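Colleague: Contents of start34.pdb (PDB, C-alpha atoms (C1' of nucleotides)) are below:
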ATOM      1  CA  MET A 538      10.815 -11.986   0.189
ATOM      2  CA  PHE A 539       9.054  -9.208   2.082
ATOM      3  CA  ARG A 540       8.628  -7.324  -1.156
ATOM      4  CA  GLN A 541       7.091 -10.345  -2.836
ATOM      5  CA  LEU A 542       4.600 -10.760  -0.008
ATOM      6  CA  ALA A 543       3.769  -7.044  -0.097
ATOM      7  CA  ASP A 544       3.214  -7.285  -3.851
ATOM      8  CA  LEU A 545       0.995 -10.329  -3.399
ATOM      9  CA  LEU A 546      -1.176  -8.716  -0.765
ATOM     10  CA  ARG A 547      -1.303  -5.425  -2.650
ATOM     11  CA  GLY A 548      -2.506  -7.329  -5.700
ATOM     12  CA  GLN A 549      -5.246  -9.000  -3.701
ATOM     13  CA  ILE A 550      -6.356  -5.627  -2.377
ATOM     14  CA  GLU A 551      -6.295  -3.905  -5.749
ATOM     15  CA  SER A 552      -8.157  -6.782  -7.402
ATOM     16  CA  GLY A 553     -10.836  -6.745  -4.727
ATOM     17  CA  GLU A 554     -10.058 -10.256  -3.543
ATOM     18  CA  LEU A 555      -9.426  -8.527  -0.240
ATOM     19  CA  ALA A 556     -12.199  -5.947   0.044
ATOM     20  CA  PRO A 557     -12.163  -2.813   2.238
ATOM     21  CA  GLY A 558     -12.718  -3.842   5.841
ATOM     22  CA  ASP A 559     -11.541  -7.401   5.272
ATOM     23  CA  PRO A 560      -8.939  -8.755   7.676
ATOM     24  CA  LEU A 561      -5.582  -9.933   6.435
ATOM     25  CA  PRO A 562      -4.391 -13.297   7.725
ATOM     26  CA  SER A 563      -2.487 -12.920  10.994
ATOM     27  CA  GLU A 564       1.261 -12.346  10.899
ATOM     28  CA  LEU A 565       1.856 -15.827  12.253
ATOM     29  CA  ARG A 566      -0.409 -17.353   9.635
ATOM     30  CA  LEU A 567       1.202 -15.451   6.761
ATOM     31  CA  GLY A 568       4.609 -16.557   7.962
ATOM     32  CA  GLU A 569       3.587 -20.198   8.046
ATOM     33  CA  ASP A 570       1.837 -20.057   4.669
ATOM     34  CA  HIS A 571       4.809 -18.514   2.910
ATOM     35  CA  HIS A 572       7.539 -20.168   4.965
ATOM     36  CA  ILE A 573       9.047 -16.913   6.135
ATOM     37  CA  SER A 574       9.708 -15.482   9.566
ATOM     38  CA  ARG A 575       7.343 -13.136  11.307
ATOM     39  CA  THR A 576       9.974 -10.397  10.977
ATOM     40  CA  THR A 577       9.702 -10.583   7.213
ATOM     41  CA  VAL A 578       5.902 -10.648   7.321
ATOM     42  CA  ARG A 579       5.922  -7.532   9.462
ATOM     43  CA  GLN A 580       8.196  -5.765   7.018
ATOM     44  CA  ALA A 581       5.761  -6.516   4.197
ATOM     45  CA  ILE A 582       2.833  -5.229   6.215
ATOM     46  CA  ALA A 583       4.786  -2.136   7.261
ATOM     47  CA  GLN A 584       5.174  -1.415   3.554
ATOM     48  CA  LEU A 585       1.417  -1.635   2.966
ATOM     49  CA  ARG A 586       0.743   0.547   5.997
ATOM     50  CA  SER A 587       3.032   3.282   4.727
ATOM     51  CA  GLU A 588       1.202   3.079   1.400
ATOM     52  CA  GLY A 589      -2.075   3.636   3.218
ATOM     53  CA  LEU A 590      -3.559   0.364   1.988
ATOM     54  CA  VAL A 591      -4.111  -1.302   5.359
ATOM     55  CA  THR A 592      -4.632  -0.212   8.928
ATOM     56  CA  VAL A 593      -3.932  -2.108  12.087
ATOM     57  CA  ASP A 594      -6.421  -2.356  14.907
ATOM     58  CA  ARG A 595      -4.275  -3.756  17.633
ATOM     59  CA  PRO A 596      -4.562  -6.455  18.644
ATOM     60  CA  ARG A 597      -7.640  -7.366  16.624
ATOM     61  CA  GLY A 598      -5.774  -7.659  13.374
ATOM     62  CA  THR A 599      -4.792  -5.915  10.162
ATOM     63  CA  PHE A 600      -7.547  -4.731   7.821
ATOM     64  CA  VAL A 601      -7.888  -3.350   4.322
ATOM     65  CA  ARG A 602      -8.479   0.365   4.708
ATOM     66  CA  VAL A 603     -12.038   1.626   4.335
ATOM     67  CA  SER A 604     -12.348   4.962   2.556
ATOM     68  CA  GLU A 605     -13.853   7.820   4.534
ATOM     69  CA  PRO A 606     -16.663  10.183   3.522
ATOM     70  CA  VAL A 607     -15.159  13.178   1.760
ATOM     71  CA  GLU A 608     -15.727  16.858   2.493
ATOM     72  CA  VAL A 609     -14.924  19.555  -0.011
ATOM     73  CA  VAL A 610     -12.837  22.641   0.652
ATOM     74  CA  VAL A 611     -13.343  25.489  -1.806
ATOM     75  CA  LEU A 612     -10.154  27.295  -2.741
ATOM     76  CA  SER A 613     -10.062  31.066  -2.793
ATOM     77  CA  SER A 614      -8.358  33.202  -5.387
ATOM     78  CA  GLY A 615      -4.607  33.377  -4.923
ATOM     79  CA  GLU A 616      -4.369  30.269  -2.808
ATOM     80  CA  ARG A 617      -2.027  27.442  -3.629
ATOM     81  CA  ALA A 618      -2.339  23.823  -2.589
ATOM     82  CA  GLY A 619       0.163  21.041  -2.059
ATOM     83  CA  ALA A 620       0.450  17.802  -0.145
ATOM     84  CA  ARG A 621       2.946  16.180   2.211
ATOM     85  CA  MET A 622       3.042  13.669   4.996
ATOM     86  CA  PRO A 623       1.818  15.082   8.286
ATOM     87  CA  THR A 624       4.166  16.123  11.053
ATOM     88  CA  ASP A 625       4.021  14.095  14.220
ATOM     89  CA  THR A 626       1.920  16.810  15.830
ATOM     90  CA  GLU A 627      -0.554  16.851  12.962
ATOM     91  CA  ARG A 628      -0.886  13.087  13.017
ATOM     92  CA  ARG A 629      -1.993  13.205  16.596
ATOM     93  CA  ARG A 630      -4.141  16.307  16.214
ATOM     94  CA  PHE A 631      -6.102  14.891  13.297
ATOM     95  CA  ASN A 632      -5.967  11.331  14.612
ATOM     96  CA  LEU A 633      -4.442  10.304  11.284
ATOM     97  CA  ARG A 634      -3.573   6.745  10.408
ATOM     98  CA  GLU A 635      -0.301   5.789   8.787
ATOM     99  CA  GLY A 636       0.033   6.444   5.105
ATOM    100  CA  VAL A 637      -2.422   9.352   5.015
ATOM    101  CA  PRO A 638      -1.035  12.663   3.680
ATOM    102  CA  VAL A 639      -2.325  16.145   4.406
ATOM    103  CA  LEU A 640      -3.470  18.703   1.860
ATOM    104  CA  VAL A 641      -1.819  22.033   2.587
ATOM    105  CA  VAL A 642      -3.527  25.209   1.418
ATOM    106  CA  THR A 643      -1.353  28.312   1.385
ATOM    107  CA  ALA A 644      -3.079  31.714   1.391
ATOM    108  CA  PRO A 645      -1.524  34.725  -0.368
ATOM    109  CA  ASP A 646      -0.285  36.026   2.994
ATOM    110  CA  GLY A 647       1.542  32.770   3.624
ATOM    111  CA  THR A 648      -0.881  31.287   6.126
ATOM    112  CA  GLN A 649      -1.080  27.541   5.778
ATOM    113  CA  THR A 650      -3.946  25.214   6.624
ATOM    114  CA  ALA A 651      -3.702  21.435   6.637
ATOM    115  CA  TYR A 652      -6.504  18.991   5.828
ATOM    116  CA  PRO A 653      -6.336  15.209   6.208
ATOM    117  CA  ALA A 654      -6.265  13.880   2.655
ATOM    118  CA  ASP A 655      -8.449  10.877   3.429
ATOM    119  CA  ARG A 656     -11.386  13.117   4.364
ATOM    120  CA  TYR A 657     -10.986  16.219   2.199
ATOM    121  CA  GLN A 658     -10.896  17.238  -1.428
ATOM    122  CA  LEU A 659     -10.218  20.618  -2.983
ATOM    123  CA  ALA A 660     -12.488  22.353  -5.480
ATOM    124  CA  LEU A 661     -12.665  25.637  -7.397
ATOM    125  CA  PRO A 662     -15.101  28.400  -6.412
TER     126      PRO A 662
ATOM    127  CA  MET B 810      12.976   3.818  22.506
ATOM    128  CA  PHE B 811      12.714   4.032  18.739
ATOM    129  CA  ARG B 812      10.067   6.694  19.078
ATOM    130  CA  GLN B 813      12.302   8.735  21.372
ATOM    131  CA  LEU B 814      15.144   8.583  18.865
ATOM    132  CA  ALA B 815      12.798   9.505  16.016
ATOM    133  CA  ASP B 816      11.526  12.463  18.041
ATOM    134  CA  LEU B 817      15.081  13.551  18.808
ATOM    135  CA  LEU B 818      16.197  13.434  15.191
ATOM    136  CA  ARG B 819      12.976  15.043  13.976
ATOM    137  CA  GLY B 820      13.578  17.861  16.419
ATOM    138  CA  GLN B 821      17.100  18.379  15.128
ATOM    139  CA  ILE B 822      15.776  18.509  11.566
ATOM    140  CA  GLU B 823      12.939  20.900  12.367
ATOM    141  CA  SER B 824      15.234  23.174  14.360
ATOM    142  CA  GLY B 825      17.762  23.286  11.544
ATOM    143  CA  GLU B 826      20.504  21.684  13.601
ATOM    144  CA  LEU B 827      20.430  19.075  10.864
ATOM    145  CA  ALA B 828      20.033  21.059   7.641
ATOM    146  CA  PRO B 829      18.726  19.740   4.303
ATOM    147  CA  GLY B 830      21.417  17.617   2.674
ATOM    148  CA  ASP B 831      23.191  16.911   5.961
ATOM    149  CA  PRO B 832      23.979  13.284   6.744
ATOM    150  CA  LEU B 833      22.588  11.624   9.834
ATOM    151  CA  PRO B 834      25.053   9.658  11.964
ATOM    152  CA  SER B 835      25.350   6.051  10.802
ATOM    153  CA  GLU B 836      22.994   3.455  12.237
ATOM    154  CA  LEU B 837      25.855   1.867  14.126
ATOM    155  CA  ARG B 838      26.904   5.196  15.554
ATOM    156  CA  LEU B 839      23.388   6.134  16.634
ATOM    157  CA  GLY B 840      23.039   2.771  18.311
ATOM    158  CA  GLU B 841      26.252   3.226  20.265
ATOM    159  CA  ASP B 842      25.474   6.803  21.245
ATOM    160  CA  HIS B 843      22.044   5.952  22.571
ATOM    161  CA  HIS B 844      22.788   2.460  23.828
ATOM    162  CA  ILE B 845      20.196   0.786  21.664
ATOM    163  CA  SER B 846      20.389  -1.957  19.063
ATOM    164  CA  ARG B 847      20.703  -1.299  15.378
ATOM    165  CA  THR B 848      17.246  -2.810  14.924
ATOM    166  CA  THR B 849      15.761  -0.052  17.051
ATOM    167  CA  VAL B 850      17.759   2.640  15.274
ATOM    168  CA  ARG B 851      16.481   1.375  11.956
ATOM    169  CA  GLN B 852      12.921   1.509  13.208
ATOM    170  CA  ALA B 853      13.373   5.156  14.171
ATOM    171  CA  ILE B 854      14.826   5.986  10.772
ATOM    172  CA  ALA B 855      12.051   4.058   9.012
ATOM    173  CA  GLN B 856       9.641   6.357  10.812
ATOM    174  CA  LEU B 857      11.402   9.464   9.518
ATOM    175  CA  ARG B 858      11.527   8.021   6.019
ATOM    176  CA  SER B 859       7.785   7.415   5.976
ATOM    177  CA  GLU B 860       7.337  11.004   7.121
ATOM    178  CA  GLY B 861       9.378  12.185   4.174
ATOM    179  CA  LEU B 862      11.969  13.879   6.379
ATOM    180  CA  VAL B 863      15.016  11.880   5.326
ATOM    181  CA  THR B 864      16.119   9.879   2.311
ATOM    182  CA  VAL B 865      18.608   7.068   2.176
ATOM    183  CA  ASP B 866      21.364   6.871  -0.407
ATOM    184  CA  ARG B 867      22.611   3.345   0.018
ATOM    185  CA  PRO B 868      25.214   2.704   1.094
ATOM    186  CA  ARG B 869      26.417   6.276   1.396
ATOM    187  CA  GLY B 870      24.194   7.149   4.287
ATOM    188  CA  THR B 871      20.961   8.779   5.380
ATOM    189  CA  PHE B 872      20.382  12.451   4.621
ATOM    190  CA  VAL B 873      17.937  15.184   5.503
ATOM    191  CA  ARG B 874      15.674  15.596   2.505
ATOM    192  CA  VAL B 875      16.356  18.527   0.194
ATOM    193  CA  SER B 876      13.214  20.184  -1.166
ATOM    194  CA  GLU B 877      12.726  20.144  -4.919
ATOM    195  CA  PRO B 878      11.911  23.070  -7.216
ATOM    196  CA  VAL B 879       8.134  23.369  -7.501
ATOM    197  CA  GLU B 880       6.037  23.545 -10.666
ATOM    198  CA  VAL B 881       2.491  24.832 -10.647
ATOM    199  CA  VAL B 882      -0.518  23.055 -12.129
ATOM    200  CA  VAL B 883      -3.502  25.278 -12.865
ATOM    201  CA  LEU B 884      -6.836  23.697 -12.055
ATOM    202  CA  SER B 885      -9.696  23.935 -14.534
ATOM    203  CA  SER B 886     -13.303  24.591 -13.671
ATOM    204  CA  GLY B 887     -15.075  21.530 -12.351
ATOM    205  CA  GLU B 888     -11.905  19.715 -11.375
ATOM    206  CA  ARG B 889     -11.353  18.348  -7.905
ATOM    207  CA  ALA B 890      -8.055  17.627  -6.223
ATOM    208  CA  GLY B 891      -6.993  15.242  -3.478
ATOM    209  CA  ALA B 892      -3.877  13.497  -2.258
ATOM    210  CA  ARG B 893      -2.848   9.983  -1.352
ATOM    211  CA  MET B 894       0.265   7.851  -1.212
ATOM    212  CA  PRO B 895       1.347   6.627  -4.644
ATOM    213  CA  THR B 896       0.692   3.109  -5.843
ATOM    214  CA  ASP B 897       3.717   0.929  -6.379
ATOM    215  CA  THR B 898       3.488   1.586 -10.120
ATOM    216  CA  GLU B 899       3.352   5.341  -9.615
ATOM    217  CA  ARG B 900       6.315   5.262  -7.267
ATOM    218  CA  ARG B 901       8.434   3.672  -9.921
ATOM    219  CA  ARG B 902       7.054   5.741 -12.774
ATOM    220  CA  PHE B 903       7.734   9.050 -11.051
ATOM    221  CA  ASN B 904      10.876   7.798  -9.342
ATOM    222  CA  LEU B 905       9.353   8.849  -6.034
ATOM    223  CA  ARG B 906      11.138   8.562  -2.734
ATOM    224  CA  GLU B 907       9.482   7.225   0.381
ATOM    225  CA  GLY B 908       7.126   9.522   2.197
ATOM    226  CA  VAL B 909       6.156  11.558  -0.860
ATOM    227  CA  PRO B 910       2.413  11.664  -1.671
ATOM    228  CA  VAL B 911       0.819  12.353  -5.046
ATOM    229  CA  LEU B 912      -1.680  15.091  -5.830
ATOM    230  CA  VAL B 913      -4.603  13.616  -7.734
ATOM    231  CA  VAL B 914      -6.645  15.890  -9.998
ATOM    232  CA  THR B 915     -10.026  14.531 -11.065
ATOM    233  CA  ALA B 916     -11.688  16.014 -14.152
ATOM    234  CA  PRO B 917     -15.497  16.272 -14.442
ATOM    235  CA  ASP B 918     -15.502  13.170 -16.652
ATOM    236  CA  GLY B 919     -13.704  11.179 -13.965
ATOM    237  CA  THR B 920     -10.265  11.179 -15.571
ATOM    238  CA  GLN B 921      -7.543  11.310 -12.931
ATOM    239  CA  THR B 922      -4.032  12.677 -13.189
ATOM    240  CA  ALA B 923      -1.364  12.225 -10.534
ATOM    241  CA  TYR B 924       1.446  14.666  -9.714
ATOM    242  CA  PRO B 925       4.325  14.027  -7.320
ATOM    243  CA  ALA B 926       3.631  16.266  -4.342
ATOM    244  CA  ASP B 927       7.283  17.146  -3.792
ATOM    245  CA  ARG B 928       7.517  18.836  -7.201
ATOM    246  CA  TYR B 929       4.026  20.212  -7.846
ATOM    247  CA  GLN B 930       1.558  22.661  -6.406
ATOM    248  CA  LEU B 931      -1.992  23.446  -7.472
ATOM    249  CA  ALA B 932      -3.294  26.922  -8.267
ATOM    250  CA  LEU B 933      -6.526  28.566  -9.439
ATOM    251  CA  PRO B 934      -6.905  29.917 -12.982
TER     252      PRO B 934
ATOM    253  C1'  DG C 339      43.039  -1.524  -9.687
ATOM    254  C1'  DT C 340      42.775  -4.261  -5.750
ATOM    255  C1'  DG C 341      41.271  -4.783  -1.291
ATOM    256  C1'  DG C 342      39.608  -3.483   3.034
ATOM    257  C1'  DA C 343      36.488  -0.547   5.652
ATOM    258  C1'  DT C 344      32.061   1.509   5.938
ATOM    259  C1'  DT C 345      27.054   1.695   5.577
ATOM    260  C1'  DT C 346      22.601   0.324   4.526
ATOM    261  C1'  DG C 347      19.468  -3.861   3.247
ATOM    262  C1'  DT C 348      17.459  -8.333   4.328
ATOM    263  C1'  DT C 349      16.434 -12.193   7.113
ATOM    264  C1'  DC C 350      16.484 -15.180  10.829
ATOM    265  C1'  DG C 351      15.653 -16.355  15.860
ATOM    266  C1'  DT C 352      14.166 -15.153  20.553
ATOM    267  C1'  DA C 353      11.933 -12.898  24.259
ATOM    268  C1'  DT C 354       8.717  -9.939  26.479
ATOM    269  C1'  DG C 355       4.857  -6.560  26.723
ATOM    270  C1'  DT C 356       0.028  -5.097  25.873
ATOM    271  C1'  DA C 357      -4.620  -5.212  24.561
ATOM    272  C1'  DT C 358      -8.587  -7.726  22.967
ATOM    273  C1'  DT C 359     -11.584 -11.662  22.592
TER     274       DT C 359
ATOM    275  C1'  DG D 746      -8.006 -16.940  32.841
ATOM    276  C1'  DA D 747      -6.480 -18.551  28.442
ATOM    277  C1'  DA D 748      -5.717 -17.790  23.772
ATOM    278  C1'  DT D 749      -4.846 -14.612  20.148
ATOM    279  C1'  DA D 750      -2.508 -10.847  17.713
ATOM    280  C1'  DC D 751       0.196  -6.932  17.223
ATOM    281  C1'  DA D 752       4.372  -3.983  19.348
ATOM    282  C1'  DT D 753       8.968  -3.557  20.825
ATOM    283  C1'  DA D 754      13.624  -4.831  21.484
ATOM    284  C1'  DC D 755      17.897  -7.523  21.353
ATOM    285  C1'  DG D 756      21.369 -10.162  18.844
ATOM    286  C1'  DA D 757      23.436 -12.244  14.775
ATOM    287  C1'  DA D 758      24.709 -13.073  10.101
ATOM    288  C1'  DC D 759      25.368 -12.146   5.362
ATOM    289  C1'  DA D 760      24.648  -9.273   0.987
ATOM    290  C1'  DA D 761      25.471  -5.266  -1.824
ATOM    291  C1'  DA D 762      27.282  -0.968  -2.938
ATOM    292  C1'  DT D 763      30.361   2.788  -2.184
ATOM    293  C1'  DC D 764      34.609   4.902  -0.719
ATOM    294  C1'  DC D 765      39.419   5.311   0.110
ATOM    295  C1'  DA D 766      44.178   4.055   0.994
TER     296       DA D 766
END
Represent the structure from my file as structure tokens, please.

Modeller:
Amino acid sequence: MFRQLADLLRGQIESGELAPGDPLPSELRLGEDHHISRTTVRQAIAQLRSEGLVTVDRPRGTFVRVSEPVEVVVLSSGERAGARMPTDTERRRFNLREGVPVLVVTAPDGTQTAYPADRYQLALP
Amino acid sequence: MFRQLADLLRGQIESGELAPGDPLPSELRLGEDHHISRTTVRQAIAQLRSEGLVTVDRPRGTFVRVSEPVEVVVLSSGERAGARMPTDTERRRFNLREGVPVLVVTAPDGTQTAYPADRYQLALP
DNA sequence: GTGGATTTGTTCGTATGTATT
DNA sequence: GAATACATACGAACAAATCCA
């Protein structure tokens, strides 16, 4: 059931029926509409949060994520780049929302730098 | 409470006390040891899953994630790269576990290609 | 090979706390 | 102050899959 609700909401977001910045119905409302408990509604929304599709502004409500302006990081020769979910420390340091990875740039000497993936892109020199 | 347990387990993973491939104690066991309900234990583990630190092999148990061999993708001139969590379709297509982002390479003509971030890194020509 | 024990998954209900409107 | 909405925690029950005696 929670998967079905997550799929439904995800579809509405991807189709634009729910546009960035739009609020989702409240947990209570979703539960009533679909005849499921609030526990199950929360599980569906937790799924969407971990996918980075929605953010919660407690206790105002749950909203479709708005994309951030992007800055570009230019890679230097010999550097490699990857991505992973942030550590707990990084999440606090960068003030990252759920479901946002970090881009990790590794220099030839092994030094690593992390960039929040919702605000940065990588480019060639 | 669930955050404290997540922090504890994360610390054990980062310190190596729990090595890659090692099983975590069962949910029931963790609940007994820390005098918390299974619900709360599950919430802590859900946190670690979304961080990509552990994977669950149901119903065998929960294990510290083992890193995969990495392939390198060479970027071409004019391409940009970012990262985000996979869509539901991508997760199934790449057989991705929870907490694993995708690297997204955008060509000058707008074409995008996604690579599972646990198996790929980006490099310069 | 059958059956029981173990372990995670899903769902319900309930209660209380916290922050915003 | 009241209403609203999300966060946290407990308890309970059953399902499904694996493992082992």

Colleague: Per residue of chain D within 9 Å of chain B, which atom pair is closest and at what distance in Å (one decimal), using all atoms listed in the file, listed by chain and increasing number, as CSV?

Modeller:
residue,atom,partner,partner_atom,distance
D:DT753,C1',B:Thr849,CA,8.5
D:DA754,C1',B:Thr849,CA,6.9
D:DC755,C1',B:Ser846,CA,6.5
D:DG756,C1',B:Ser846,CA,8.3
D:DA761,C1',B:Pro868,CA,8.5
D:DA762,C1',B:Pro868,CA,5.8
D:DT763,C1',B:Pro868,CA,6.1
D:DC764,C1',B:Arg869,CA,8.6

Colleague: Given the file shown, enumerate the residues that the PyMOL selection byres ((chain C) within 7 of (chain A)) captures and present them as a list in words.

Modeller: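 So the PyMOL selection byres ((chain C) within 7 of (chain A)) ends up selecting DT349, DC350, DA357 and DT358 of chain C.
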
Colleague: Would you kindly translate the PyMOL selection byres ((chain B) within 10 of (chain A)) into the concrete residues it picks from this file, as a ChimeraX atom specification?

Modeller: /B:816,819,855-862,879,881-897,907-915,925-934

Colleague: Name the residues captured by the PyMOL selection byres ((chain D and resi 749) around 8) when it is applied to the shown file; answer as a PyMOL selection string.

Modeller: (chain C and resi 359) or (chain D and resi 748+750)

Colleague: Save out the residues we just selected, C-alpha atoms (C1' of nucleotides), as a PDB file, in the coordinates of the input.

Modeller:
ATOM      1  C1'  DT C 359     -11.584 -11.662  22.592  1.00  0.00           C
TER       2       DT C 359
ATOM      3  C1'  DA D 748      -5.717 -17.790  23.772  1.00  0.00           C
ATOM      4  C1'  DA D 750      -2.508 -10.847  17.713  1.00  0.00           C
TER       5       DA D 750
END

Colleague: Taking every listed atom of stretch 756-761 of chain D and adding 5 Å to each side, what centre and edge lengths in Å (one decimal) does the axis-aligned box have, as JSON?

Modeller:
{"center_x": 23.4, "center_y": -9.2, "center_z": 8.5, "size_x": 14.1, "size_y": 17.8, "size_z": 30.7}

Colleague: Quick check, in Å to one decimal: how far apart do atom CA of B:Glu880 and atom CA of B:Thr922 lie?

Modeller: 15.0 Å

Colleague: Using all C-alpha atoms paired in order, least-squares fit chain A onto chain B and give me the moved copy as a compact mmCIF listing (two decimals) with C-alpha atoms, in the coordinates of the input.

Modeller:
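Final output, saved to selection_12.txt:
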# COMPACT_ATOMS: atom_id res chain seq x y z
CA MET A 538 13.06 3.81 22.52
CA PHE A 539 12.76 3.99 18.74
CA ARG A 540 10.10 6.63 19.12
CA GLN A 541 12.31 8.70 21.38
CA LEU A 542 15.15 8.56 18.88
CA ALA A 543 12.79 9.47 16.04
CA ASP A 544 11.52 12.42 18.07
CA LEU A 545 15.07 13.52 18.82
CA LEU A 546 16.17 13.42 15.21
CA ARG A 547 12.94 15.01 14.01
CA GLY A 548 13.54 17.84 16.46
CA GLN A 549 17.05 18.37 15.16
CA ILE A 550 15.73 18.50 11.61
CA GLU A 551 12.88 20.87 12.40
CA SER A 552 15.16 23.16 14.40
CA GLY A 553 17.70 23.29 11.59
CA GLU A 554 20.44 21.68 13.65
CA LEU A 555 20.37 19.09 10.90
CA ALA A 556 19.98 21.09 7.69
CA PRO A 557 18.66 19.77 4.35
CA GLY A 558 21.35 17.65 2.73
CA ASP A 559 23.13 16.95 6.01
CA PRO A 560 23.94 13.32 6.77
CA LEU A 561 22.57 11.64 9.86
CA PRO A 562 25.04 9.67 11.95
CA SER A 563 25.32 6.08 10.73
CA GLU A 564 22.99 3.45 12.16
CA LEU A 565 25.88 1.87 14.02
CA ARG A 566 26.93 5.20 15.47
CA LEU A 567 23.41 6.11 16.58
CA GLY A 568 23.08 2.74 18.25
CA GLU A 569 26.31 3.18 20.17
CA ASP A 570 25.52 6.77 21.18
CA HIS A 571 22.10 5.90 22.54
CA HIS A 572 22.91 2.40 23.77
CA ILE A 573 20.30 0.72 21.62
CA SER A 574 20.49 -2.00 19.01
CA ARG A 575 20.74 -1.31 15.33
CA THR A 576 17.27 -2.82 14.91
CA THR A 577 15.81 -0.07 17.05
CA VAL A 578 17.79 2.62 15.24
CA ARG A 579 16.48 1.35 11.93
CA GLN A 580 12.92 1.48 13.21
CA ALA A 581 13.39 5.13 14.17
CA ILE A 582 14.82 5.97 10.78
CA ALA A 583 12.06 4.04 9.02
CA GLN A 584 9.63 6.33 10.83
CA LEU A 585 11.39 9.46 9.54
CA ARG A 586 11.51 8.03 6.03
CA SER A 587 7.77 7.40 5.99
CA GLU A 588 7.30 10.99 7.15
CA GLY A 589 9.36 12.18 4.20
CA LEU A 590 11.94 13.88 6.41
CA VAL A 591 14.99 11.88 5.35
CA THR A 592 16.08 9.90 2.34
CA VAL A 593 18.58 7.11 2.14
CA ASP A 594 21.30 6.98 -0.47
CA ARG A 595 22.52 3.47 -0.07
CA PRO A 596 25.11 2.81 1.04
CA ARG A 597 26.38 6.37 1.36
CA GLY A 598 24.18 7.21 4.28
CA THR A 599 20.93 8.79 5.40
CA PHE A 600 20.35 12.48 4.64
CA VAL A 601 17.89 15.20 5.54
CA ARG A 602 15.63 15.61 2.54
CA VAL A 603 16.30 18.55 0.22
CA SER A 604 13.18 20.21 -1.16
CA GLU A 605 12.73 20.14 -4.92
CA PRO A 606 11.92 23.04 -7.26
CA VAL A 607 8.16 23.34 -7.56
CA GLU A 608 6.07 23.50 -10.73
CA VAL A 609 2.54 24.80 -10.74
CA VAL A 610 -0.47 23.03 -12.21
CA VAL A 611 -3.44 25.26 -12.97
CA LEU A 612 -6.79 23.70 -12.15
CA SER A 613 -9.63 23.92 -14.62
CA SER A 614 -13.24 24.58 -13.78
CA GLY A 615 -15.02 21.54 -12.39
CA GLU A 616 -11.88 19.72 -11.39
CA ARG A 617 -11.34 18.39 -7.91
CA ALA A 618 -8.04 17.67 -6.22
CA GLY A 619 -6.99 15.30 -3.46
CA ALA A 620 -3.87 13.57 -2.24
CA ARG A 621 -2.83 10.04 -1.31
CA MET A 622 0.25 7.90 -1.16
CA PRO A 623 1.33 6.65 -4.56
CA THR A 624 0.67 3.12 -5.73
CA ASP A 625 3.69 0.93 -6.24
CA THR A 626 3.47 1.55 -9.97
CA GLU A 627 3.35 5.31 -9.53
CA ARG A 628 6.31 5.26 -7.19
CA ARG A 629 8.42 3.64 -9.83
CA ARG A 630 7.03 5.67 -12.71
CA PHE A 631 7.71 8.99 -11.02
CA ASN A 632 10.86 7.76 -9.31
CA LEU A 633 9.33 8.85 -6.00
CA ARG A 634 11.12 8.58 -2.69
CA GLU A 635 9.45 7.23 0.41
CA GLY A 636 7.11 9.54 2.23
CA VAL A 637 6.15 11.59 -0.84
CA PRO A 638 2.41 11.70 -1.65
CA VAL A 639 0.82 12.38 -5.02
CA LEU A 640 -1.67 15.12 -5.83
CA VAL A 641 -4.60 13.64 -7.71
CA VAL A 642 -6.63 15.89 -9.99
CA THR A 643 -10.01 14.54 -11.04
CA ALA A 644 -11.65 16.02 -14.15
CA PRO A 645 -15.45 16.28 -14.44
CA ASP A 646 -15.48 13.17 -16.65
CA GLY A 647 -13.70 11.20 -13.95
CA THR A 648 -10.25 11.16 -15.52
CA GLN A 649 -7.56 11.29 -12.89
CA THR A 650 -4.03 12.65 -13.16
CA ALA A 651 -1.37 12.22 -10.50
CA TYR A 652 1.45 14.65 -9.72
CA PRO A 653 4.33 14.01 -7.31
CA ALA A 654 3.64 16.30 -4.35
CA ASP A 655 7.29 17.16 -3.80
CA ARG A 656 7.53 18.81 -7.23
CA TYR A 657 4.05 20.20 -7.89
CA GLN A 658 1.59 22.68 -6.47
CA LEU A 659 -1.95 23.47 -7.54
CA ALA A 660 -3.25 26.94 -8.36
CA LEU A 661 -6.46 28.59 -9.56
CA PRO A 662 -6.83 29.88 -13.13

Colleague: Take stretch 901-907 of chain B, model N, CA and C atoms, and hand the result over as a PDB file, in the frame of the given file.

Modeller:
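What ended up in rebuild-v8.pdb:
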ATOM      1  N   ARG B 901       7.352   3.953  -8.972  1.00  0.00           N
ATOM      2  CA  ARG B 901       8.434   3.672  -9.921  1.00  0.00           C
ATOM      3  C   ARG B 901       8.398   4.620 -11.103  1.00  0.00           C
ATOM      4  N   ARG B 902       7.187   4.897 -11.582  1.00  0.00           N
ATOM      5  CA  ARG B 902       7.054   5.741 -12.774  1.00  0.00           C
ATOM      6  C   ARG B 902       7.599   7.146 -12.521  1.00  0.00           C
ATOM      7  N   PHE B 903       7.297   7.690 -11.359  1.00  0.00           N
ATOM      8  CA  PHE B 903       7.734   9.050 -11.051  1.00  0.00           C
ATOM      9  C   PHE B 903       9.066   9.071 -10.324  1.00  0.00           C
ATOM     10  N   ASN B 904       9.620   7.870 -10.078  1.00  0.00           N
ATOM     11  CA  ASN B 904      10.876   7.798  -9.342  1.00  0.00           C
ATOM     12  C   ASN B 904      10.754   8.492  -7.985  1.00  0.00           C
ATOM     13  N   LEU B 905       9.658   8.188  -7.296  1.00  0.00           N
ATOM     14  CA  LEU B 905       9.353   8.849  -6.034  1.00  0.00           C
ATOM     15  C   LEU B 905      10.082   8.208  -4.873  1.00  0.00           C
ATOM     16  N   ARG B 906      10.545   9.058  -3.960  1.00  0.00           N
ATOM     17  CA  ARG B 906      11.138   8.562  -2.734  1.00  0.00           C
ATOM     18  C   ARG B 906      10.035   8.260  -1.730  1.00  0.00           C
ATOM     19  N   GLU B 907      10.435   7.550  -0.673  1.00  0.00           N
ATOM     20  CA  GLU B 907       9.482   7.225   0.381  1.00  0.00           C
ATOM     21  C   GLU B 907       8.945   8.484   1.032  1.00  0.00           C
TER      22      GLU B 907
END
